[in-house]
Amino acid sequence: MPVLRTLLTGKHMEGAAYIGGIQRFSTEDGPGIRTSIFLKGCPLRCRWCHNPELLDTHYGVLYSPNKCILCGECVKNCPAGAIRPGKGEIVIDRTACKGCGTCVDNCCTTALHTKSISYTMAALMDIVEKDRDFYETSGGGVTLSGGEVLAHGEYALEIAKEVKKAGIFPGNRNLRCGNLGASLCFGGNLRLDTV
């Protein structure tokens with residue numbers, strides 16, 4: 001059962017960040033109802049990090065042993081042979097893993113999952129567009145979060161351009177880029193007039 005293949009580009013886009021998650025109907029990351037897009041990768045190692053699973057920039061497989069039924073599909077299907085049975089759980093050889101996602105696609109319980117999804121810009125915008133009515137009625141919008149957004153400045157800028165082109169956001173108040181204080185940002189908001 002290919003879980004992610006409809007949204008994957010088939011190959012990670014050059015210059016793009018992996019998306020660690022998309023949270024629709026978010027009310028915590030700015031005014032109104034928002035869609036939060038979490039970019040994967042951060043050069044910082046803050047003790048108070050809320051998303052440590054998003055620190056690494058590379059494709060990664062996460063394992064939740066409490067969901068694993070030890071069916072062996074991941075072991076059987078891993079082309080790199082990076083997964084083997086262990087005592088009551090599977091063991092992943094991280095040095096042998098090629099990051100192909102085959103184990104994730106073949107895991108029927110989502111015990112193996114990823115926070116490394118590569119969306120086409122069109123697929124990402126399709127998700128953002130789903131909540132357009134909520135943005136308009138609540139004064140909400142999109143929040144780019146992470147990881148660290150400015151670790152992917154060019155990609156974040158491309159997302160901002162697409163959001164602006166879609167006409168979702170009036171002025172510059174509804175696309176937030178986390179708690180950043182860089183030249184792209186002003187008061188935590190990505191200035192769409194600079195896009």
# chains A, B, ... in the order shown; residues from 1 in each chain; ligands from 1
call {"tool": "closest_atom_pairs", "arguments": {"of": "region 101-182 of chain A", "to": "region 83-95 of chain A", "cutoff": "12 Å", "atoms": "only C-alpha atoms", "output": "CSV"}}
result
residue,atom,partner,partner_atom,distance
A:Thr102,CA,A:Ile83,CA,11.2
A:Cys103,CA,A:Ile83,CA,8.7
A:Val104,CA,A:Ile83,CA,11.6
A:Ala111,CA,A:Ile90,CA,10.1
A:Leu112,CA,A:Ile90,CA,9.9
call {"tool": "write_last_selection", "arguments": {"atoms": "all heavy atoms", "output": "PDB file, in the first residue's frame"}}
result
ATOM      1  N   THR A 102      10.802   2.422   0.863  1.00  0.00           N
ATOM      2  CA  THR A 102      10.093   1.168   0.594  1.00  0.00           C
ATOM      3  C   THR A 102       9.532   0.568   1.879  1.00  0.00           C
ATOM      4  O   THR A 102       8.401   0.070   1.891  1.00  0.00           O
ATOM      5  CB  THR A 102      11.035   0.159  -0.098  1.00  0.00           C
ATOM      6  OG1 THR A 102      11.509   0.749  -1.309  1.00  0.00           O
ATOM      7  CG2 THR A 102      10.324  -1.139  -0.426  1.00  0.00           C
ATOM      8  N   CYS A 103      10.285   0.614   2.956  1.00  0.00           N
ATOM      9  CA  CYS A 103       9.806   0.053   4.223  1.00  0.00           C
ATOM     10  C   CYS A 103       8.589   0.816   4.735  1.00  0.00           C
ATOM     11  O   CYS A 103       7.640   0.220   5.248  1.00  0.00           O
ATOM     12  CB  CYS A 103      10.923   0.058   5.276  1.00  0.00           C
ATOM     13  SG  CYS A 103      11.579   1.693   5.662  1.00  0.00           S
ATOM     14  N   VAL A 104       8.605   2.139   4.577  1.00  0.00           N
ATOM     15  CA  VAL A 104       7.475   2.969   5.008  1.00  0.00           C
ATOM     16  C   VAL A 104       6.234   2.613   4.195  1.00  0.00           C
ATOM     17  O   VAL A 104       5.140   2.446   4.735  1.00  0.00           O
ATOM     18  CB  VAL A 104       7.822   4.473   4.879  1.00  0.00           C
ATOM     19  CG1 VAL A 104       6.605   5.341   5.134  1.00  0.00           C
ATOM     20  CG2 VAL A 104       8.953   4.849   5.824  1.00  0.00           C
ATOM     21  N   ALA A 111       4.065   1.735  11.835  1.00  0.00           N
ATOM     22  CA  ALA A 111       5.144   1.677  12.828  1.00  0.00           C
ATOM     23  C   ALA A 111       6.399   2.300  12.227  1.00  0.00           C
ATOM     24  O   ALA A 111       7.160   2.961  12.922  1.00  0.00           O
ATOM     25  CB  ALA A 111       5.413   0.237  13.247  1.00  0.00           C
ATOM     26  N   LEU A 112       6.610   2.080  10.942  1.00  0.00           N
ATOM     27  CA  LEU A 112       7.666   2.773  10.208  1.00  0.00           C
ATOM     28  C   LEU A 112       7.004   3.927   9.472  1.00  0.00           C
ATOM     29  O   LEU A 112       6.036   3.738   8.735  1.00  0.00           O
ATOM     30  CB  LEU A 112       8.355   1.833   9.208  1.00  0.00           C
ATOM     31  CG  LEU A 112       9.213   0.738   9.819  1.00  0.00           C
ATOM     32  CD1 LEU A 112       9.711  -0.214   8.742  1.00  0.00           C
ATOM     33  CD2 LEU A 112      10.382   1.337  10.582  1.00  0.00           C
TER      34      LEU A 112
END
call {"tool": "select_by_dssp", "arguments": {"residues": "region 32-157 of chain A", "states": "strand (DSSP E or B)", "output": "PyMOL selection string"}}
result
chain A and resi 34-39+61-63+83-85+90-92+112-114+117+119+141-146
call {"tool": "atom_distance", "arguments": {"atom1": "CA of Cys49 (chain A)", "atom2": "CA of Arg24 (chain A)"}}
result
21.1 Å
call {"tool": "closest_residue", "arguments": {"among": "A:Ala156, A:Leu62, A:Ala16, A:Val142", "to": "Gly32 (chain A)", "atoms": "only C-alpha atoms"}}
result
A:Val142
call {"tool": "atom_distance", "arguments": {"atom1": "CA of Lys76 (chain A)", "atom2": "CA of Asp105 (chain A)"}}
result
12.5 Å
call {"tool": "closest_residue", "arguments": {"among": "A:Glu53, A:Tyr59, A:Leu44, A:Val75", "to": "Ser118 (chain A)", "atoms": "only C-alpha atoms"}}
result
A:Tyr59
call {"tool": "residues_around", "arguments": {"residues": "Ser26 (chain A)", "least_positions_apart": "4", "cutoff": "8 Å", "atoms": "only C-alpha atoms", "output": "count of residues only"}}
result
4
call {"tool": "closest_residue", "arguments": {"among": "A:Lys98, A:Lys67, A:His152, A:Lys164", "to": "Lys40 (chain A)", "atoms": "only C-alpha atoms"}}
result
A:His152
call {"tool": "closest_residue", "arguments": {"among": "A:Pro31, A:Leu70, A:Arg132, A:Thr57", "to": "Pro43 (chain A)", "atoms": "only C-alpha atoms"}}
result
A:Thr57
call {"tool": "residues_around", "arguments": {"residues": "Pro52 (chain A)", "least_positions_apart": "6", "cutoff": "10 Å", "atoms": "only C-alpha atoms", "output": "ChimeraX atom specification"}}
result
/A:40-42,45-46,146-147
call {"tool": "write_last_selection", "arguments": {"atoms": "C-alpha atoms", "output": "compact mmCIF listing (two decimals), in the first residue's frame"}}
result
# COMPACT_ATOMS: atom_id res chain seq x y z
CA LYS A 40 12.72 19.66 7.82
CA GLY A 41 16.25 20.64 8.82
CA CYS A 42 17.84 22.97 11.33
CA ARG A 45 20.39 22.39 18.55
CA CYS A 46 18.23 24.31 21.01
CA GLY A 146 10.36 23.84 11.07
CA GLY A 147 13.08 22.91 11.65
call {"tool": "atom_distance", "arguments": {"atom1": "CA of Glu129 (chain A)", "atom2": "CA of Asp29 (chain A)"}}
result
17.8 Å
call {"tool": "select_by_dssp", "arguments": {"residues": "region 21-150 of chain A", "states": "helix (DSSP H, G or I)", "output": "number ranges by chain"}}
result
A: 52-54, 65-67, 73-77, 102-106, 121-129, 132-138, 149-150
